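> Just data-v7.pdb, nothing more (PDB, C-alpha atoms, pLDDT in the B column):
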ATOM      1  CA  MET J   1     -35.590  20.196 -10.590  1.00 53.00           C
ATOM      2  CA  LYS J   2     -32.975  22.955 -10.758  1.00 60.00           C
ATOM      3  CA  GLU J   3     -32.917  23.266  -6.966  1.00 62.00           C
ATOM      4  CA  GLU J   4     -32.475  19.499  -6.642  1.00 56.00           C
ATOM      5  CA  LEU J   5     -29.570  19.570  -9.106  1.00 60.00           C
ATOM      6  CA  ILE J   6     -27.890  22.424  -7.228  1.00 70.00           C
ATOM      7  CA  GLY J   7     -28.450  20.551  -3.958  1.00 68.00           C
ATOM      8  CA  ASN J   8     -26.811  17.403  -5.379  1.00 68.00           C
ATOM      9  CA  ILE J   9     -23.852  19.423  -6.640  1.00 75.00           C
ATOM     10  CA  LYS J  10     -23.355  20.917  -3.172  1.00 81.00           C
ATOM     11  CA  LEU J  11     -23.611  17.472  -1.580  1.00 82.00           C
ATOM     12  CA  PHE J  12     -21.066  16.045  -4.000  1.00 82.00           C
ATOM     13  CA  ALA J  13     -18.742  18.918  -3.196  1.00 85.00           C
ATOM     14  CA  LYS J  14     -19.132  17.984   0.482  1.00 88.00           C
ATOM     15  CA  ILE J  15     -18.567  14.297  -0.269  1.00 88.00           C
ATOM     16  CA  SER J  16     -15.509  15.186  -2.338  1.00 90.00           C
ATOM     17  CA  GLY J  17     -14.145  17.215   0.584  1.00 91.00           C
ATOM     18  CA  LYS J  18     -14.662  14.316   3.001  1.00 91.00           C
ATOM     19  CA  ALA J  19     -13.013  11.895   0.566  1.00 92.00           C
ATOM     20  CA  SER J  20     -10.032  14.243   0.162  1.00 93.00           C
ATOM     21  CA  LEU J  21      -9.717  14.545   3.937  1.00 95.00           C
ATOM     22  CA  ALA J  22      -9.795  10.740   4.264  1.00 93.00           C
ATOM     23  CA  TRP J  23      -7.028  10.502   1.645  1.00 95.00           C
ATOM     24  CA  ILE J  24      -4.883  13.163   3.317  1.00 96.00           C
ATOM     25  CA  LYS J  25      -5.264  11.544   6.745  1.00 95.00           C
ATOM     26  CA  VAL J  26      -3.897   8.165   5.595  1.00 96.00           C
ATOM     27  CA  SER J  27      -1.203   9.757   3.426  1.00 96.00           C
ATOM     28  CA  LEU J  28       0.050  11.853   6.352  1.00 96.00           C
ATOM     29  CA  ILE J  29       0.337   8.771   8.547  1.00 96.00           C
ATOM     30  CA  GLY J  30       2.341   7.086   5.779  1.00 95.00           C
ATOM     31  CA  SER J  31       4.579  10.161   5.438  1.00 96.00           C
ATOM     32  CA  VAL J  32       5.284  10.196   9.178  1.00 96.00           C
ATOM     33  CA  ILE J  33       6.178   6.504   9.116  1.00 96.00           C
ATOM     34  CA  MET J  34       8.503   7.076   6.144  1.00 96.00           C
ATOM     35  CA  ILE J  35      10.342   9.989   7.784  1.00 96.00           C
ATOM     36  CA  VAL J  36      10.579   8.392  11.248  1.00 96.00           C
ATOM     37  CA  ASN J  37      11.763   5.024   9.912  1.00 95.00           C
ATOM     38  CA  ILE J  38      14.405   6.466   7.602  1.00 94.00           C
ATOM     39  CA  VAL J  39      15.752   8.908  10.211  1.00 95.00           C
ATOM     40  CA  ILE J  40      15.955   6.230  12.930  1.00 95.00           C
ATOM     41  CA  ALA J  41      17.550   3.741  10.506  1.00 92.00           C
ATOM     42  CA  ILE J  42      20.204   6.297   9.476  1.00 90.00           C
ATOM     43  CA  ILE J  43      20.947   7.109  13.138  1.00 90.00           C
ATOM     44  CA  LEU J  44      21.276   3.430  14.040  1.00 89.00           C
ATOM     45  CA  LEU J  45      23.461   2.711  11.013  1.00 83.00           C
ATOM     46  CA  GLY J  46      25.622   5.692  11.950  1.00 79.00           C
ATOM     47  CA  ASP J  47      26.227   4.074  15.345  1.00 70.00           C
ATOM     48  CA  ASN J  48      27.349   0.884  13.626  1.00 62.00           C
ATOM     49  CA  SER J  49      31.070   0.533  13.090  1.00 52.00           C
ATOM     50  CA  GLY J  50      30.584  -1.565   9.939  1.00 52.00           C
ATOM     51  CA  GLY J  51      31.042   0.306   6.668  1.00 47.00           C
ATOM     52  CA  GLY J  52      29.997  -2.290   4.130  1.00 49.00           C
ATOM     53  CA  PHE J  53      26.905  -0.562   2.816  1.00 51.00           C
ATOM     54  CA  PRO J  54      28.216   3.016   2.405  1.00 51.00           C
ATOM     55  CA  ALA J  55      31.429   1.799   0.785  1.00 50.00           C
ATOM     56  CA  SER J  56      29.695  -0.550  -1.639  1.00 50.00           C
ATOM     57  CA  ALA J  57      27.262   2.190  -2.682  1.00 50.00           C
ATOM     58  CA  HIS J  58      30.145   3.842  -4.604  1.00 51.00           C
ATOM     59  CA  ALA J  59      30.530   0.682  -6.726  1.00 51.00           C
ATOM     60  CA  GLY J  60      27.382   1.354  -8.754  1.00 56.00           C
ATOM     61  CA  ILE J  61      23.960  -0.303  -8.749  1.00 66.00           C
ATOM     62  CA  LEU J  62      25.324  -3.824  -8.305  1.00 64.00           C
ATOM     63  CA  GLY J  63      27.484  -2.654  -5.418  1.00 58.00           C
ATOM     64  CA  ALA J  64      24.529  -0.915  -3.797  1.00 60.00           C
ATOM     65  CA  ILE J  65      22.428  -4.097  -4.094  1.00 66.00           C
ATOM     66  CA  MET J  66      25.218  -6.193  -2.599  1.00 69.00           C
ATOM     67  CA  GLY J  67      25.663  -3.593   0.131  1.00 65.00           C
ATOM     68  CA  PHE J  68      21.960  -3.717   0.934  1.00 69.00           C
ATOM     69  CA  ILE J  69      22.097  -7.512   1.167  1.00 75.00           C
ATOM     70  CA  PHE J  70      25.142  -7.197   3.427  1.00 73.00           C
ATOM     71  CA  LEU J  71      23.235  -4.676   5.532  1.00 76.00           C
ATOM     72  CA  PHE J  72      20.445  -7.209   6.075  1.00 80.00           C
ATOM     73  CA  MET J  73      23.049  -9.754   7.161  1.00 78.00           C
ATOM     74  CA  VAL J  74      24.665  -7.528   9.795  1.00 79.00           C
ATOM     75  CA  GLU J  75      21.750  -5.272  10.796  1.00 85.00           C
ATOM     76  CA  PHE J  76      18.582  -7.129   9.846  1.00 90.00           C
ATOM     77  CA  TRP J  77      16.043  -5.127  11.879  1.00 91.00           C
ATOM     78  CA  THR J  78      17.544  -1.756  10.996  1.00 89.00           C
ATOM     79  CA  ALA J  79      17.685  -2.738   7.320  1.00 89.00           C
ATOM     80  CA  LEU J  80      14.076  -3.889   7.489  1.00 92.00           C
ATOM     81  CA  LEU J  81      13.100  -0.604   9.169  1.00 93.00           C
ATOM     82  CA  LEU J  82      14.820   1.340   6.376  1.00 91.00           C
ATOM     83  CA  THR J  83      13.114  -0.771   3.701  1.00 92.00           C
ATOM     84  CA  VAL J  84       9.683  -0.258   5.265  1.00 94.00           C
ATOM     85  CA  GLY J  85      10.360   3.484   5.417  1.00 94.00           C
ATOM     86  CA  ILE J  86      11.246   3.569   1.727  1.00 92.00           C
ATOM     87  CA  LEU J  87       8.200   1.519   0.711  1.00 93.00           C
ATOM     88  CA  ALA J  88       5.735   3.200   3.098  1.00 94.00           C
ATOM     89  CA  PRO J  89       4.622   5.927   0.621  1.00 93.00           C
ATOM     90  CA  VAL J  90       3.588   3.351  -1.984  1.00 94.00           C
ATOM     91  CA  LEU J  91       1.631   1.232   0.490  1.00 94.00           C
ATOM     92  CA  PHE J  92      -0.061   4.151   2.206  1.00 95.00           C
ATOM     93  CA  ILE J  93      -1.022   5.867  -1.048  1.00 95.00           C
ATOM     94  CA  ILE J  94      -2.802   2.644  -2.068  1.00 95.00           C
ATOM     95  CA  LEU J  95      -4.551   2.579   1.320  1.00 95.00           C
ATOM     96  CA  ALA J  96      -5.334   6.302   1.035  1.00 95.00           C
ATOM     97  CA  ASN J  97      -6.980   5.797  -2.361  1.00 94.00           C
ATOM     98  CA  LYS J  98      -9.101   2.941  -1.027  1.00 92.00           C
ATOM     99  CA  ASN J  99     -10.076   4.910   2.062  1.00 94.00           C
ATOM    100  CA  ALA J 100     -11.043   7.937  -0.023  1.00 93.00           C
ATOM    101  CA  ILE J 101     -13.357   6.026  -2.376  1.00 92.00           C
ATOM    102  CA  ALA J 102     -14.838   4.074   0.563  1.00 91.00           C
ATOM    103  CA  SER J 103     -15.570   7.387   2.279  1.00 91.00           C
ATOM    104  CA  ALA J 104     -17.240   8.708  -0.882  1.00 90.00           C
ATOM    105  CA  VAL J 105     -19.438   5.607  -1.294  1.00 89.00           C
ATOM    106  CA  TYR J 106     -20.466   5.699   2.364  1.00 89.00           C
ATOM    107  CA  ASN J 107     -21.386   9.384   2.183  1.00 88.00           C
ATOM    108  CA  VAL J 108     -23.422   8.841  -0.969  1.00 85.00           C
ATOM    109  CA  TRP J 109     -25.592   6.557   1.180  1.00 83.00           C
ATOM    110  CA  LYS J 110     -25.438   8.868   4.208  1.00 82.00           C
ATOM    111  CA  TYR J 111     -26.694  11.879   2.261  1.00 80.00           C
ATOM    112  CA  LYS J 112     -29.205   9.750   0.329  1.00 77.00           C
ATOM    113  CA  ILE J 113     -28.147  10.692  -3.194  1.00 76.00           C
ATOM    114  CA  ALA J 114     -27.687   7.191  -4.629  1.00 73.00           C
ATOM    115  CA  ASP J 115     -30.403   8.065  -7.140  1.00 73.00           C
ATOM    116  CA  PHE J 116     -27.847   9.963  -9.231  1.00 76.00           C
ATOM    117  CA  ILE J 117     -26.568   6.565 -10.408  1.00 78.00           C
ATOM    118  CA  GLU J 118     -29.724   5.434 -12.226  1.00 77.00           C
ATOM    119  CA  PRO J 119     -29.645   8.005 -15.042  1.00 82.00           C
ATOM    120  CA  LYS J 120     -25.894   7.467 -15.386  1.00 83.00           C
ATOM    121  CA  ILE J 121     -26.323   3.706 -15.793  1.00 84.00           C
ATOM    122  CA  ASP J 122     -28.984   4.318 -18.453  1.00 84.00           C
ATOM    123  CA  PHE J 123     -26.644   6.781 -20.150  1.00 86.00           C
ATOM    124  CA  TYR J 124     -23.722   4.325 -20.249  1.00 88.00           C
ATOM    125  CA  ILE J 125     -25.826   1.427 -21.506  1.00 86.00           C
ATOM    126  CA  ASP J 126     -27.272   3.670 -24.236  1.00 86.00           C
ATOM    127  CA  LYS J 127     -23.733   4.629 -25.232  1.00 86.00           C
ATOM    128  CA  ILE J 128     -22.836   0.943 -25.586  1.00 85.00           C
ATOM    129  CA  LEU J 129     -25.967   0.225 -27.633  1.00 82.00           C
ATOM    130  CA  GLN J 130     -25.232   3.148 -29.949  1.00 84.00           C
ATOM    131  CA  LYS J 131     -21.986   1.437 -30.923  1.00 83.00           C
ATOM    132  CA  GLN J 132     -23.291  -2.157 -30.732  1.00 80.00           C
ATOM    133  CA  PRO J 133     -27.107  -2.223 -31.117  1.00 79.00           C
ATOM    134  CA  GLY J 134     -27.345  -5.977 -30.563  1.00 76.00           C
ATOM    135  CA  PHE J 135     -24.907  -6.157 -27.659  1.00 76.00           C
ATOM    136  CA  LEU J 136     -27.373  -6.991 -24.878  1.00 75.00           C
ATOM    137  CA  LYS J 137     -28.984  -9.748 -26.962  1.00 75.00           C
ATOM    138  CA  ASN J 138     -25.730 -11.646 -27.312  1.00 75.00           C
ATOM    139  CA  ILE J 139     -24.236 -11.444 -23.815  1.00 76.00           C
ATOM    140  CA  THR J 140     -24.238 -14.452 -21.502  1.00 76.00           C
ATOM    141  CA  GLU J 141     -22.307 -13.235 -18.450  1.00 80.00           C
ATOM    142  CA  TRP J 142     -21.821 -10.171 -16.294  1.00 85.00           C
ATOM    143  CA  SER J 143     -18.049  -9.920 -16.785  1.00 85.00           C
ATOM    144  CA  VAL J 144     -18.530  -8.985 -20.457  1.00 85.00           C
ATOM    145  CA  VAL J 145     -21.022  -6.239 -19.581  1.00 85.00           C
ATOM    146  CA  LYS J 146     -18.803  -4.966 -16.757  1.00 89.00           C
ATOM    147  CA  VAL J 147     -15.776  -4.570 -19.031  1.00 90.00           C
ATOM    148  CA  LYS J 148     -17.866  -2.644 -21.563  1.00 88.00           C
ATOM    149  CA  LEU J 149     -19.389  -0.410 -18.893  1.00 90.00           C
ATOM    150  CA  LEU J 150     -16.024   0.357 -17.274  1.00 91.00           C
ATOM    151  CA  ASP J 151     -14.543   1.215 -20.667  1.00 92.00           C
ATOM    152  CA  THR J 152     -17.493   3.509 -21.449  1.00 91.00           C
ATOM    153  CA  ILE J 153     -17.164   5.225 -18.063  1.00 91.00           C
ATOM    154  CA  ASN J 154     -13.437   5.782 -18.619  1.00 91.00           C
ATOM    155  CA  ASN J 155     -14.215   7.503 -21.921  1.00 90.00           C
ATOM    156  CA  ASP J 156     -16.873   9.745 -20.384  1.00 88.00           C
ATOM    157  CA  SER J 157     -15.527  13.295 -20.203  1.00 86.00           C
ATOM    158  CA  GLN J 158     -18.771  14.923 -19.002  1.00 84.00           C
ATOM    159  CA  THR J 159     -19.230  13.268 -15.606  1.00 83.00           C
ATOM    160  CA  PRO J 160     -17.117  14.512 -12.653  1.00 83.00           C
ATOM    161  CA  LYS J 161     -14.206  12.235 -11.797  1.00 86.00           C
ATOM    162  CA  LEU J 162     -15.456  11.411  -8.285  1.00 84.00           C
ATOM    163  CA  GLN J 163     -18.865  10.286  -9.552  1.00 85.00           C
ATOM    164  CA  LYS J 164     -17.187   8.051 -12.135  1.00 88.00           C
ATOM    165  CA  ARG J 165     -14.910   6.567  -9.475  1.00 89.00           C
ATOM    166  CA  ILE J 166     -17.898   5.773  -7.253  1.00 88.00           C
ATOM    167  CA  ILE J 167     -19.793   4.055 -10.073  1.00 88.00           C
ATOM    168  CA  LYS J 168     -16.695   2.095 -11.183  1.00 90.00           C
ATOM    169  CA  PHE J 169     -15.920   1.038  -7.618  1.00 90.00           C
ATOM    170  CA  VAL J 170     -19.461  -0.244  -7.056  1.00 88.00           C
ATOM    171  CA  LEU J 171     -19.641  -1.975 -10.454  1.00 89.00           C
ATOM    172  CA  LYS J 172     -16.532  -3.958  -9.544  1.00 89.00           C
ATOM    173  CA  LYS J 173     -18.013  -4.981  -6.193  1.00 88.00           C
ATOM    174  CA  ILE J 174     -21.626  -5.945  -6.981  1.00 88.00           C
ATOM    175  CA  LYS J 175     -22.607  -9.558  -7.663  1.00 86.00           C
ATOM    176  CA  MET J 176     -24.790 -10.441 -10.638  1.00 86.00           C
ATOM    177  CA  ASP J 177     -24.735 -14.242 -10.334  1.00 83.00           C
ATOM    178  CA  ASP J 178     -28.520 -14.414  -9.928  1.00 84.00           C
ATOM    179  CA  VAL J 179     -29.249 -12.483 -13.133  1.00 83.00           C
ATOM    180  CA  ASP J 180     -30.376 -14.453 -16.185  1.00 80.00           C
ATOM    181  CA  PHE J 181     -28.782 -12.609 -19.093  1.00 77.00           C
ATOM    182  CA  LYS J 182     -30.301 -15.032 -21.592  1.00 76.00           C
ATOM    183  CA  ASN J 183     -33.815 -13.946 -20.633  1.00 78.00           C
ATOM    184  CA  PRO J 184     -35.013 -11.377 -23.245  1.00 74.00           C
ATOM    185  CA  ASP J 185     -37.149  -9.689 -20.571  1.00 77.00           C
ATOM    186  CA  THR J 186     -34.132  -8.876 -18.399  1.00 77.00           C
ATOM    187  CA  ASN J 187     -33.948  -5.122 -17.914  1.00 81.00           C
ATOM    188  CA  LEU J 188     -30.251  -4.602 -17.295  1.00 81.00           C
ATOM    189  CA  SER J 189     -30.531  -0.904 -16.390  1.00 81.00           C
ATOM    190  CA  SER J 190     -33.147  -1.527 -13.696  1.00 84.00           C
ATOM    191  CA  ILE J 191     -31.303  -4.516 -12.255  1.00 85.00           C
ATOM    192  CA  LEU J 192     -27.999  -2.644 -12.150  1.00 86.00           C
ATOM    193  CA  SER J 193     -29.581   0.374 -10.483  1.00 82.00           C
ATOM    194  CA  LEU J 194     -31.175  -1.873  -7.850  1.00 84.00           C
ATOM    195  CA  LYS J 195     -27.975  -3.841  -7.217  1.00 86.00           C
ATOM    196  CA  ILE J 196     -25.893  -0.684  -6.903  1.00 84.00           C
ATOM    197  CA  ARG J 197     -28.391   0.943  -4.578  1.00 83.00           C
ATOM    198  CA  GLN J 198     -28.482  -2.187  -2.369  1.00 84.00           C
ATOM    199  CA  PHE J 199     -24.682  -2.279  -2.254  1.00 86.00           C
ATOM    200  CA  ILE J 200     -24.400   1.392  -1.291  1.00 85.00           C
ATOM    201  CA  GLU J 201     -27.122   1.089   1.362  1.00 82.00           C
ATOM    202  CA  GLY J 202     -25.266  -1.825   2.946  1.00 79.00           C
ATOM    203  CA  PHE J 203     -21.853  -0.177   2.803  1.00 80.00           C
ATOM    204  CA  ALA J 204     -20.281   0.237   6.227  1.00 79.00           C
ATOM    205  CA  GLU J 205     -18.608   3.428   7.372  1.00 81.00           C
ATOM    206  CA  PRO J 206     -14.885   3.103   6.575  1.00 86.00           C
ATOM    207  CA  ASP J 207     -12.401   3.010   9.427  1.00 88.00           C
ATOM    208  CA  LEU J 208      -8.623   3.150   9.804  1.00 91.00           C
ATOM    209  CA  LYS J 209      -8.293  -0.206  11.553  1.00 92.00           C
ATOM    210  CA  LEU J 210      -5.812  -1.610   9.016  1.00 94.00           C
ATOM    211  CA  VAL J 211      -3.807   1.624   9.047  1.00 95.00           C
ATOM    212  CA  TRP J 212      -3.490   1.586  12.847  1.00 96.00           C
ATOM    213  CA  ILE J 213      -2.498  -2.090  12.767  1.00 96.00           C
ATOM    214  CA  LEU J 214       0.319  -1.174  10.357  1.00 95.00           C
ATOM    215  CA  VAL J 215       1.351   1.695  12.655  1.00 96.00           C
ATOM    216  CA  GLY J 216       1.457  -0.756  15.578  1.00 96.00           C
ATOM    217  CA  VAL J 217       3.585  -3.204  13.577  1.00 96.00           C
ATOM    218  CA  ASP J 218       5.939  -0.369  12.644  1.00 96.00           C
ATOM    219  CA  ILE J 219       6.336   0.671  16.294  1.00 96.00           C
ATOM    220  CA  VAL J 220       7.277  -2.917  17.167  1.00 96.00           C
ATOM    221  CA  LEU J 221       9.774  -2.890  14.285  1.00 95.00           C
ATOM    222  CA  ILE J 222      11.355   0.329  15.604  1.00 95.00           C
ATOM    223  CA  ILE J 223      11.708  -1.221  19.076  1.00 95.00           C
ATOM    224  CA  LEU J 224      13.329  -4.351  17.620  1.00 94.00           C
ATOM    225  CA  ALA J 225      15.746  -2.210  15.585  1.00 92.00           C
ATOM    226  CA  PHE J 226      16.843  -0.404  18.766  1.00 91.00           C
ATOM    227  CA  VAL J 227      17.084  -3.597  20.820  1.00 90.00           C
ATOM    228  CA  PHE J 228      19.146  -5.538  18.267  1.00 87.00           C
ATOM    229  CA  ASN J 229      21.260  -2.652  17.017  1.00 80.00           C
ATOM    230  CA  GLN J 230      24.884  -3.748  16.882  1.00 60.00           C
ATOM    231  CA  GLN J 231      27.053  -1.158  18.589  1.00 53.00           C
TER     232      GLN J 231
END
Hey, can you dump this file as structure tokens for me?


Amino acid sequence: MKEELIGNIKLFAKISGKASLAWIKVSLIGSVIMIVNIVIAIILLGDNSGGGFPASAHAGILGAIMGFIFLFMVEFWTALLLTVGILAPVLFIILANKNAIASAVYNVWKYKIADFIEPKIDFYIDKILQKQPGFLKNITEWSVVKVKLLDTINNDSQTPKLQKRIIKFVLKKIKMDDVDFKNPDTNLSSILSLKIRQFIEGFAEPDLKLVWILVGVDIVLIILAFVFNQQ
């Protein structure tokens, strides 16, 4: 039992490393896009003889907003390139977070350690029942249970953050439409464990297809900014 626990800890460390690498990979791509877009936009704007935006920036926030609108009017593609560069970190951090958790879920299946979830589900349901002994007798739909479970997981300080993120991610994704919550014989822990295991086993290996599509779109945007730059 002790050897199995140590083995699972090592595997989770490996899964955590792979998830971190997946996050870093997407974040780096976003950082490159941000730097390249902003630098190119500044160079192209420097070639432009119009001075509306820089001058209006000294007039405060309202002036800066008006200057930005003016910039879109005279240099639409360059302004769009600059805007995408500024917003790229936000978008790519969101994508990085999704890619990291997807990598973790996939590797839980790959290394066949989905069984760690079952005792955790039992633990969280017990925690709910300690506070509300009659909770499971009164529920009629999955959304109520899901909210309670997610809240209990958020308040759990003993379980490693990655494990909690995996369980929360899967809980939000699984479907429980075929479960009869009104049936007194319904064993919620067993059903949840089965549903989660089925979801993880059917989870596809994450890829960067969307990220590369965004990179391709950005390259096209850079080309358009060069082509339509007003000298």

> To test your reading of the syntax: which residues would the PyMOL selection byres ((chain J and resi 13) around 12) return for the file shown? Reply as a list in words.

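Applied to this file, the PyMOL selection byres ((chain J and resi 13) around 12) selects Ile6, Gly7, Asn8, Ile9, Lys10, Leu11, Phe12, Lys14, Ile15, Ser16, Gly17, Lys18, Ala19, Ser20, Ala104, Asn107, Val108, Tyr111, Pro160, Lys161, Leu162 and Gln163 of chain J.
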
> Enter the distance from CA of Asp122 in chain J to CA of Leu188 in chain J, in Å, rounded to one decimal.

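Separating CA of Asp122 in chain J from CA of Leu188 in chain J is a distance of 9.1 Å.
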
> Check what the PyMOL selection byres ((chain J and resi 211) around 10) selects in the file above and give those residues as number ranges by chain.

J: 26, 29-30, 92, 95-96, 99, 207-210, 212-217

> Can you turn the PyMOL selection byres ((chain J and resi 79-91) around 10) into a concrete residue list for this file, as a ChimeraX atom specification?

/J:27-42,44-45,68-78,92-96,218-219,221-222,224-225

> In file coordinates, which residues lie within 9 Å of (-18.9, 0.1, -14.0) using all atoms listed in the file, given as a PyMOL selection string?

chain J and resi 121+124+145-153+164-172

> Compare J:Ile174, J:Ile200, J:Ile191, J:Ile223 by their minimum atom-to-atom distance to Lys112 in chain J, counting all atoms listed in the file, and give me the closest one.

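Nearest to Lys112 in chain J: J:Ile200.
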
> Return the single residue from J:Asp126, J:Leu136, J:Asp115, J:Val179 that is closest to Ser193 in chain J, with distances computed using all atoms listed in the file.

J:Asp115
